[in-house]
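Structure data follow from start.txt (compact mmCIF, C-alpha atoms (C1' of nucleotides)):
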# COMPACT_ATOMS: atom_id res chain seq x y z
CA MET Z 25 -29.50 -72.84 37.66
CA ALA Z 26 -31.69 -70.06 36.57
CA ALA Z 27 -35.34 -69.72 35.89
CA THR Z 28 -34.50 -69.09 32.25
CA GLN Z 29 -32.56 -72.29 31.68
CA GLN Z 30 -33.19 -73.89 28.34
CA TYR Z 31 -34.31 -77.48 28.54
CA VAL Z 32 -34.05 -80.32 26.12
CA TYR Z 33 -37.41 -81.92 25.66
CA PRO Z 34 -37.71 -85.46 24.39
CA GLY Z 35 -38.79 -85.76 20.80
CA GLN Z 36 -42.08 -87.46 20.13
CA ASP Z 37 -40.25 -90.61 19.06
CA GLU Z 38 -38.38 -90.66 22.36
CA ILE Z 39 -41.50 -90.72 24.55
CA ARG Z 40 -41.83 -94.11 26.22
CA ILE Z 41 -45.11 -95.38 27.59
CA GLU Z 42 -43.50 -96.65 30.81
CA ALA Z 43 -42.18 -93.18 31.65
CA VAL Z 44 -45.52 -91.55 30.86
CA LEU Z 45 -47.40 -94.02 33.06
CA ALA Z 46 -44.91 -93.61 35.90
CA ALA Z 47 -45.20 -89.84 35.63
CA LEU Z 48 -48.99 -89.97 35.76
CA ALA Z 49 -49.09 -92.50 38.61
CA ASP Z 50 -48.10 -90.02 41.31
CA PRO Z 51 -51.10 -88.29 42.93
CA VAL Z 52 -49.45 -84.86 42.93
CA ARG Z 53 -48.43 -85.09 39.29
CA LEU Z 54 -51.80 -86.47 38.24
CA ASP Z 55 -53.43 -83.49 39.90
CA MET Z 56 -51.11 -81.17 38.02
CA VAL Z 57 -52.04 -82.83 34.73
CA ARG Z 58 -55.71 -82.41 35.57
CA GLN Z 59 -55.15 -78.73 36.17
CA LEU Z 60 -53.48 -78.54 32.76
CA ALA Z 61 -56.21 -80.48 31.00
CA GLY Z 62 -58.35 -77.60 29.80
CA PRO Z 63 -57.88 -76.62 26.15
CA GLY Z 64 -55.10 -74.07 25.79
CA THR Z 65 -54.36 -74.09 29.50
CA GLU Z 66 -50.94 -72.89 30.59
CA ILE Z 67 -49.81 -72.85 34.22
CA SER Z 68 -46.64 -71.40 35.65
CA CYS Z 69 -44.61 -73.14 38.33
CA SER Z 70 -46.13 -70.97 41.05
CA GLY Z 71 -49.59 -71.28 39.53
CA PHE Z 72 -50.17 -74.93 40.37
CA ASP Z 73 -52.46 -75.70 43.28
CA VAL Z 74 -50.50 -78.37 45.09
CA ALA Z 75 -49.57 -79.02 48.71
CA VAL Z 76 -45.81 -79.41 48.32
CA THR Z 77 -42.85 -77.10 48.56
CA LYS Z 78 -41.34 -75.40 45.55
CA SER Z 79 -38.35 -77.73 45.39
CA THR Z 80 -40.65 -80.75 45.33
CA LEU Z 81 -42.76 -79.06 42.68
CA THR Z 82 -39.64 -78.56 40.56
CA HIS Z 83 -38.91 -82.27 40.92
CA HIS Z 84 -42.40 -83.19 39.71
CA LEU Z 85 -42.18 -80.77 36.80
CA ARG Z 86 -38.90 -82.32 35.75
CA THR Z 87 -40.40 -85.80 35.90
CA LEU Z 88 -43.33 -84.73 33.73
CA ARG Z 89 -41.05 -82.89 31.33
CA GLU Z 90 -38.56 -85.74 30.91
CA ALA Z 91 -41.40 -88.19 30.39
CA GLY Z 92 -42.70 -86.01 27.56
CA VAL Z 93 -46.00 -85.13 29.25
CA ILE Z 94 -45.55 -81.37 29.44
CA ILE Z 95 -43.66 -78.67 27.62
CA GLY Z 96 -42.63 -75.23 28.81
CA ARG Z 97 -42.71 -71.82 27.20
CA GLN Z 98 -40.42 -69.24 28.68
CA GLN Z 99 -41.63 -65.67 29.14
CA GLY Z 100 -39.48 -63.43 31.31
CA THR Z 101 -38.82 -65.19 34.59
CA THR Z 102 -41.91 -67.30 34.24
CA ARG Z 103 -42.13 -70.67 32.52
CA TYR Z 104 -45.59 -71.56 31.33
CA ASN Z 105 -46.27 -75.27 31.20
CA SER Z 106 -48.79 -77.03 29.03
CA LEU Z 107 -49.73 -80.58 28.11
CA ARG Z 108 -48.21 -82.20 25.02
CA ARG Z 109 -51.65 -83.39 24.13
CA ASN Z 110 -51.11 -83.76 20.39
CA ASP Z 111 -47.95 -85.81 20.80
CA LEU Z 112 -49.51 -88.04 23.45
CA ASP Z 113 -52.74 -88.53 21.52
CA GLU Z 114 -50.82 -89.62 18.44
CA LEU Z 115 -48.66 -92.08 20.34
CA PHE Z 116 -51.25 -93.43 22.77
CA PRO Z 117 -54.71 -92.59 21.42
CA GLY Z 118 -57.24 -92.53 24.23
CA LEU Z 119 -54.81 -92.71 27.11
CA LEU Z 120 -55.09 -89.12 28.25
CA GLN Z 121 -58.85 -89.16 27.77
CA GLY Z 122 -59.16 -92.30 29.86
CA VAL Z 123 -56.96 -90.98 32.63
CA LEU Z 124 -58.86 -87.71 32.81
CA ALA Z 125 -62.20 -89.53 32.85
CA ALA Z 126 -61.39 -91.05 36.24
CA ARG Z 127 -63.50 -89.71 39.09
CA ARG Z 128 -61.41 -87.73 41.53
CA MET H 58 -50.49 -120.06 51.58
CA ALA H 59 -51.74 -122.49 49.03
CA ALA H 60 -52.16 -122.34 45.34
CA THR H 61 -55.91 -122.56 45.84
CA GLN H 62 -56.21 -119.53 48.11
CA GLN H 63 -59.29 -117.43 47.51
CA TYR H 64 -58.61 -113.77 46.85
CA VAL H 65 -60.67 -110.68 47.39
CA TYR H 66 -60.74 -108.61 44.25
CA PRO H 67 -61.51 -104.90 44.37
CA GLY H 68 -64.98 -103.97 43.18
CA GLN H 69 -65.20 -101.79 40.14
CA ASP H 70 -65.96 -98.77 42.33
CA GLU H 71 -62.81 -99.43 44.32
CA ILE H 72 -60.44 -99.26 41.35
CA ARG H 73 -58.32 -96.12 41.55
CA ILE H 74 -56.59 -94.64 38.57
CA GLU H 75 -53.35 -94.03 40.48
CA ALA H 76 -53.05 -97.72 41.33
CA VAL H 77 -53.82 -98.79 37.77
CA LEU H 78 -51.21 -96.42 36.34
CA ALA H 79 -48.61 -97.52 38.88
CA ALA H 80 -49.35 -101.15 38.06
CA LEU H 81 -48.96 -100.55 34.34
CA ALA H 82 -45.81 -98.44 34.70
CA ASP H 83 -43.55 -101.38 35.47
CA PRO H 84 -41.99 -102.93 32.33
CA VAL H 85 -42.52 -106.50 33.49
CA ARG H 86 -46.17 -105.92 34.37
CA LEU H 87 -46.81 -103.97 31.19
CA ASP H 88 -45.45 -106.91 29.25
CA MET H 89 -47.75 -109.25 31.14
CA VAL H 90 -50.73 -107.05 30.29
CA ARG H 91 -49.72 -107.09 26.63
CA GLN H 92 -49.64 -110.87 26.71
CA LEU H 93 -53.14 -110.80 28.19
CA ALA H 94 -54.47 -108.30 25.68
CA GLY H 95 -55.90 -110.72 23.13
CA PRO H 96 -59.66 -111.25 23.31
CA GLY H 97 -60.52 -114.06 25.69
CA THR H 98 -56.90 -114.63 26.58
CA GLU H 99 -56.19 -116.41 29.86
CA ILE H 100 -52.67 -117.07 31.13
CA SER H 101 -51.64 -119.09 34.16
CA CYS H 102 -48.87 -118.03 36.50
CA SER H 103 -46.38 -120.31 34.83
CA GLY H 104 -47.65 -119.38 31.39
CA PHE H 105 -46.30 -115.84 31.33
CA ASP H 106 -43.19 -115.20 29.28
CA VAL H 107 -41.18 -113.04 31.67
CA ALA H 108 -37.56 -113.01 32.84
CA VAL H 109 -38.14 -113.05 36.58
CA THR H 110 -38.35 -115.74 39.23
CA LYS H 111 -41.63 -117.20 40.40
CA SER H 112 -41.68 -115.24 43.63
CA THR H 113 -41.22 -111.98 41.74
CA LEU H 114 -43.92 -113.01 39.32
CA THR H 115 -46.28 -113.62 42.24
CA HIS H 116 -45.50 -110.12 43.48
CA HIS H 117 -46.36 -108.61 40.09
CA LEU H 118 -49.57 -110.61 39.85
CA ARG H 119 -50.61 -109.38 43.27
CA THR H 120 -49.92 -105.77 42.26
CA LEU H 121 -52.02 -106.16 39.12
CA ARG H 122 -54.78 -107.93 41.02
CA GLU H 123 -54.98 -105.40 43.86
CA ALA H 124 -55.00 -102.54 41.36
CA GLY H 125 -57.99 -104.13 39.64
CA VAL H 126 -56.24 -104.80 36.34
CA ILE H 127 -56.56 -108.58 36.29
CA ILE H 128 -58.83 -111.21 37.72
CA GLY H 129 -58.16 -114.89 38.33
CA ARG H 130 -60.15 -118.03 37.78
CA GLN H 131 -59.15 -121.09 39.78
CA GLN H 132 -59.11 -124.50 38.10
CA GLY H 133 -57.37 -127.25 40.04
CA THR H 134 -53.91 -126.08 41.01
CA THR H 135 -53.85 -123.58 38.20
CA ARG H 136 -55.07 -120.01 38.39
CA TYR H 137 -55.95 -118.48 35.04
CA ASN H 138 -55.55 -114.73 34.86
CA SER H 139 -57.32 -112.39 32.49
CA LEU H 140 -57.71 -108.65 31.98
CA ARG H 141 -60.66 -106.84 33.57
CA ARG H 142 -61.18 -105.08 30.27
CA ASN H 143 -64.86 -104.28 30.70
CA ASP H 144 -64.38 -102.73 34.12
CA LEU H 145 -61.38 -100.70 33.01
CA ASP H 146 -63.02 -99.54 29.78
CA GLU H 147 -66.05 -98.31 31.70
CA LEU H 148 -63.98 -96.44 34.27
CA PHE H 149 -61.25 -95.11 31.99
CA PRO H 150 -62.46 -95.27 28.39
CA GLY H 151 -59.53 -95.37 26.00
CA LEU H 152 -56.81 -95.93 28.58
CA LEU H 153 -56.14 -99.58 27.85
CA GLN H 154 -56.37 -98.99 24.12
CA GLY H 155 -53.87 -96.15 24.33
CA VAL H 156 -51.43 -98.12 26.45
CA LEU H 157 -51.56 -101.11 24.13
CA ALA H 158 -51.07 -98.89 21.09
CA ALA H 159 -47.57 -97.96 22.26
CA ARG H 160 -44.79 -99.36 20.13
CA ARG H 161 -42.80 -101.91 22.07
C1' DG X 11 -48.50 -142.69 50.49
C1' DT X 12 -44.79 -140.24 47.51
C1' DC X 13 -43.59 -137.12 43.92
C1' DG X 14 -43.81 -133.34 40.85
C1' DT X 15 -46.33 -129.20 39.62
C1' DT X 16 -48.24 -124.85 40.86
C1' DG X 17 -48.22 -121.07 43.35
C1' DT X 18 -47.55 -118.41 47.86
C1' DT X 19 -45.05 -116.38 51.88
C1' DC X 20 -41.17 -114.67 54.29
C1' DG X 21 -36.99 -112.20 55.12
C1' DA X 22 -33.21 -109.65 52.99
C1' DT X 23 -31.11 -106.41 49.88
C1' DG X 24 -30.13 -102.86 46.74
C1' DG X 25 -32.08 -99.24 44.06
C1' DT X 26 -35.44 -95.76 43.16
C1' DT X 27 -38.30 -91.95 44.65
C1' DG X 28 -41.01 -88.34 47.11
C1' DT X 29 -40.10 -84.94 50.39
C1' DC X 30 -37.86 -81.11 52.50
C1' DG X 31 -34.55 -77.18 53.69
C1' DT X 32 -31.01 -74.38 52.14
C1' DA X 33 -28.55 -72.01 48.90
C1' DG X 34 -28.02 -70.03 44.49
C1' DT X 35 -29.27 -67.85 39.85
C1' DT X 36 -31.71 -65.05 36.56
C1' DC X 37 -34.83 -61.44 35.54
C1' DG X 38 -37.80 -57.30 36.21
C1' DA X 39 -39.04 -53.36 38.96
C1' DT X 40 -38.13 -49.76 42.08
C1' DA R 121 -27.73 -51.23 42.66
C1' DT R 122 -30.91 -53.29 45.55
C1' DC R 123 -34.86 -55.91 46.26
C1' DG R 124 -38.22 -59.40 45.43
C1' DA R 125 -40.20 -62.91 42.52
C1' DA R 126 -39.64 -67.23 39.98
C1' DC R 127 -37.32 -71.25 39.67
C1' DT R 128 -33.50 -74.58 40.04
C1' DA R 129 -29.69 -77.41 42.18
C1' DC R 130 -27.79 -80.03 45.91
C1' DG R 131 -27.62 -82.88 49.87
C1' DA R 132 -30.14 -85.62 53.11
C1' DC R 133 -33.56 -88.75 54.72
C1' DA R 134 -37.31 -91.96 54.98
C1' DA R 135 -40.31 -94.85 52.52
C1' DC R 136 -41.36 -97.69 48.99
C1' DC R 137 -40.38 -101.33 45.54
C1' DA R 138 -38.42 -104.90 42.37
C1' DT R 139 -35.73 -108.74 42.95
C1' DC R 140 -34.12 -113.05 44.75
C1' DG R 141 -33.56 -117.56 47.49
C1' DA R 142 -35.48 -120.69 50.50
C1' DA R 143 -39.21 -122.74 52.67
C1' DC R 144 -43.99 -124.00 52.61
C1' DA R 145 -48.89 -125.53 51.20
C1' DA R 146 -52.37 -127.64 48.20
C1' DC R 147 -53.56 -130.54 44.56
C1' DG R 148 -53.18 -134.35 40.98
C1' DA R 149 -50.93 -138.47 39.31
C1' DC R 150 -48.46 -142.64 39.94

Encoded form (C-alpha cells):
Amino acid sequence: MAATQQYVYPGQDEIRIEAVLAALADPVRLDMVRQLAGPGTEISCSGFDVAVTKSTLTHHLRTLREAGVIIGRQQGTTRYNSLRRNDLDELFPGLLQGVLAARR
Amino acid sequence: MAATQQYVYPGQDEIRIEAVLAALADPVRLDMVRQLAGPGTEISCSGFDVAVTKSTLTHHLRTLREAGVIIGRQQGTTRYNSLRRNDLDELFPGLLQGVLAARR
DNA sequence: GTCGTTGTTCGATGGTTGTCGTAGTTCGAT
DNA sequence: ATCGAACTACGACAACCATCGAACAACGAC
C-alpha cells in the first residue's frame, strides 16, 4: 500500500484497556510513546529514534494505532503521529501519567 | 515444590514498568487484579474466580508476582495474595487507578 | 498413618508476536 | 519521466506465552 493510505482508527468507545496495555508493554513501543509524550508533539515514521528496521517500525505503529494509542495526520508523503491523550485520559484517568512517570 | 515454598519478591526498585504492563495486559490476570482491587482484599489461589485450570492459575500468579504486582502471605497451606498498591502508586502514580477505571 | 486440600512443577502444544528482508506504492522534486 | 523519499505489505523465522494434564510435595484433620 501507499504512504497515503487512509486508516480507520478505533473510536473512543472501541478502545480496550487490554489492547492499550499490550501496546505499551513492548520496550520499543513504550519508547515511541515517550518520544510522543511532549505537549503537541508529532513525529513522522522516519522521525522516531528506535533501533529497528522500517518494516518493524511500521508493525509497531500499526499496533499502537489499532490499540487507540496514537493517531496519524497525513501531510504529503509524511504521516505525523501523535498521542490520543485526551481519549486515553478520559477512559483511563492517570494511566498515561503513571506510565510516563516510570524511570527509564 | 510445596505449597509452603518461600518466594523472593522483587524490591520496589526492581519493579519495571514493562513487566507490570505485560502482566496487566492479559485478560485473566487483569481480572485477577480487579478482584484484588478492594481495600485490604486478600485472595487465596483457590479463591480467584477465573476460568482456567490450577496450573495455569499458578503461572499467572507467578507472572504477577515476578512483575511486582502482587505479594503473598503464607498461612498454613494457604497463600493469601494482595496488591502491592503502595509500591505501584509510588512508582507509577495513577496507573493502577486508570487501569481499574476501565469499563469491563 | 491415611486422606483431602492447596498449590507447584514439568513437559507438550498451539497460537501469538517481534524481527527482518524484499518488493511494491504513492508523492514530490528535479 | 525519472529519481528518491516515505511508508506499507507479504512471507518467513525464531522466540515467547497461555493453556492443559499428570505427577508431586507439604500441611491439617480424622

Nearby residues (only C-alpha atoms (C1' of nucleotides)) at most 12 Å from DG148 in chain R, same-chain spacing under 4 positions excluded, as a PyMOL selection string: (chain H and resi 132-135) or (chain X and resi 13-16)

Long-range neighbours of DA135 in chain R as JSON, numbers by chain, 12 Å cut-off, all atoms listed in the file, 4 positions minimum in chain: {"X": [26, 27, 28, 29]}

At a cut-off of 12 Å, which residues of chain Z touch chain H? Count all atoms listed in the file and give the answer as a PDB file with C-alpha atoms, in the coordinates of the input.
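Generated output (selection.pdb):
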ATOM      1  CA  ASP Z  37     -40.250 -90.610  19.060  1.00  0.00           C
ATOM      2  CA  GLU Z  38     -38.380 -90.660  22.360  1.00  0.00           C
ATOM      3  CA  ILE Z  39     -41.500 -90.720  24.550  1.00  0.00           C
ATOM      4  CA  ARG Z  40     -41.830 -94.110  26.220  1.00  0.00           C
ATOM      5  CA  ILE Z  41     -45.110 -95.380  27.590  1.00  0.00           C
ATOM      6  CA  GLU Z  42     -43.500 -96.650  30.810  1.00  0.00           C
ATOM      7  CA  ALA Z  43     -42.180 -93.180  31.650  1.00  0.00           C
ATOM      8  CA  VAL Z  44     -45.520 -91.550  30.860  1.00  0.00           C
ATOM      9  CA  LEU Z  45     -47.400 -94.020  33.060  1.00  0.00           C
ATOM     10  CA  ALA Z  46     -44.910 -93.610  35.900  1.00  0.00           C
ATOM     11  CA  ALA Z  47     -45.200 -89.840  35.630  1.00  0.00           C
ATOM     12  CA  LEU Z  48     -48.990 -89.970  35.760  1.00  0.00           C
ATOM     13  CA  ALA Z  49     -49.090 -92.500  38.610  1.00  0.00           C
ATOM     14  CA  ASP Z  50     -48.100 -90.020  41.310  1.00  0.00           C
ATOM     15  CA  PRO Z  51     -51.100 -88.290  42.930  1.00  0.00           C
ATOM     16  CA  VAL Z  52     -49.450 -84.860  42.930  1.00  0.00           C
ATOM     17  CA  ARG Z  53     -48.430 -85.090  39.290  1.00  0.00           C
ATOM     18  CA  LEU Z  54     -51.800 -86.470  38.240  1.00  0.00           C
ATOM     19  CA  ASP Z  55     -53.430 -83.490  39.900  1.00  0.00           C
ATOM     20  CA  ALA Z  91     -41.400 -88.190  30.390  1.00  0.00           C
ATOM     21  CA  LEU Z 112     -49.510 -88.040  23.450  1.00  0.00           C
ATOM     22  CA  ASP Z 113     -52.740 -88.530  21.520  1.00  0.00           C
ATOM     23  CA  GLU Z 114     -50.820 -89.620  18.440  1.00  0.00           C
ATOM     24  CA  LEU Z 115     -48.660 -92.080  20.340  1.00  0.00           C
ATOM     25  CA  PHE Z 116     -51.250 -93.430  22.770  1.00  0.00           C
ATOM     26  CA  PRO Z 117     -54.710 -92.590  21.420  1.00  0.00           C
ATOM     27  CA  GLY Z 118     -57.240 -92.530  24.230  1.00  0.00           C
ATOM     28  CA  LEU Z 119     -54.810 -92.710  27.110  1.00  0.00           C
ATOM     29  CA  LEU Z 120     -55.090 -89.120  28.250  1.00  0.00           C
ATOM     30  CA  GLN Z 121     -58.850 -89.160  27.770  1.00  0.00           C
ATOM     31  CA  GLY Z 122     -59.160 -92.300  29.860  1.00  0.00           C
ATOM     32  CA  VAL Z 123     -56.960 -90.980  32.630  1.00  0.00           C
ATOM     33  CA  LEU Z 124     -58.860 -87.710  32.810  1.00  0.00           C
ATOM     34  CA  ALA Z 125     -62.200 -89.530  32.850  1.00  0.00           C
ATOM     35  CA  ALA Z 126     -61.390 -91.050  36.240  1.00  0.00           C
ATOM     36  CA  ARG Z 127     -63.500 -89.710  39.090  1.00  0.00           C
ATOM     37  CA  ARG Z 128     -61.410 -87.730  41.530  1.00  0.00           C
TER      38      ARG Z 128
END

Under the rule of at most 7 Å, produce a per-residue listing of chain X near chain H: chain, number, name, the closest pair of atoms, and the distance in Å, as CSV, using only C-alpha atoms (C1' of nucleotides).
residue,atom,partner,partner_atom,distance
X:DT16,C1',H:Thr134,CA,5.8
X:DG17,C1',H:Ala60,CA,4.6
X:DT18,C1',H:Met58,CA,5.0
X:DT19,C1',H:Met58,CA,6.6

Determine, using only C-alpha atoms (C1' of nucleotides), which residues of chain R have any atom at most 7 Å from an atom of chain Z, and tabulate each with its shortest atom pair and distance in Å to one decimal place, rows ordered by chain and then rising number, as CSV.
residue,atom,partner,partner_atom,distance
R:DA126,C1',Z:Thr101,CA,5.8
R:DC127,C1',Z:Ala27,CA,4.5
R:DT128,C1',Z:Met25,CA,5.0
R:DA129,C1',Z:Met25,CA,6.4

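CA of Gly95 in chain H is found 27.7 Å from CA of Arg109 in chain Z.
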
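One distance worth recording is that between CA of Gly64 in chain Z and CA of Ser106 in chain Z, which is 7.7 Å.
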
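For the atom pair formed by CA of Pro63 in chain Z and CA of Gln36 in chain Z, the distance is 20.1 Å, given to one decimal.
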
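Considering the residues H:Val107, H:Ile100, H:Val126, H:Gln131 and counting only C-alpha atoms, Gln63 in chain H has its shortest atom-to-atom contact with H:Gln131.
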
With 6 Å of padding per side, what axis-aligned box (centre and edge lengths, Å, one decimal) covers all the listed atoms of range 123-140 of chain R? Give it as JSON.
{"center_x": -34.5, "center_y": -84.5, "center_z": 47.3, "size_x": 25.7, "size_y": 69.1, "size_z": 27.3}
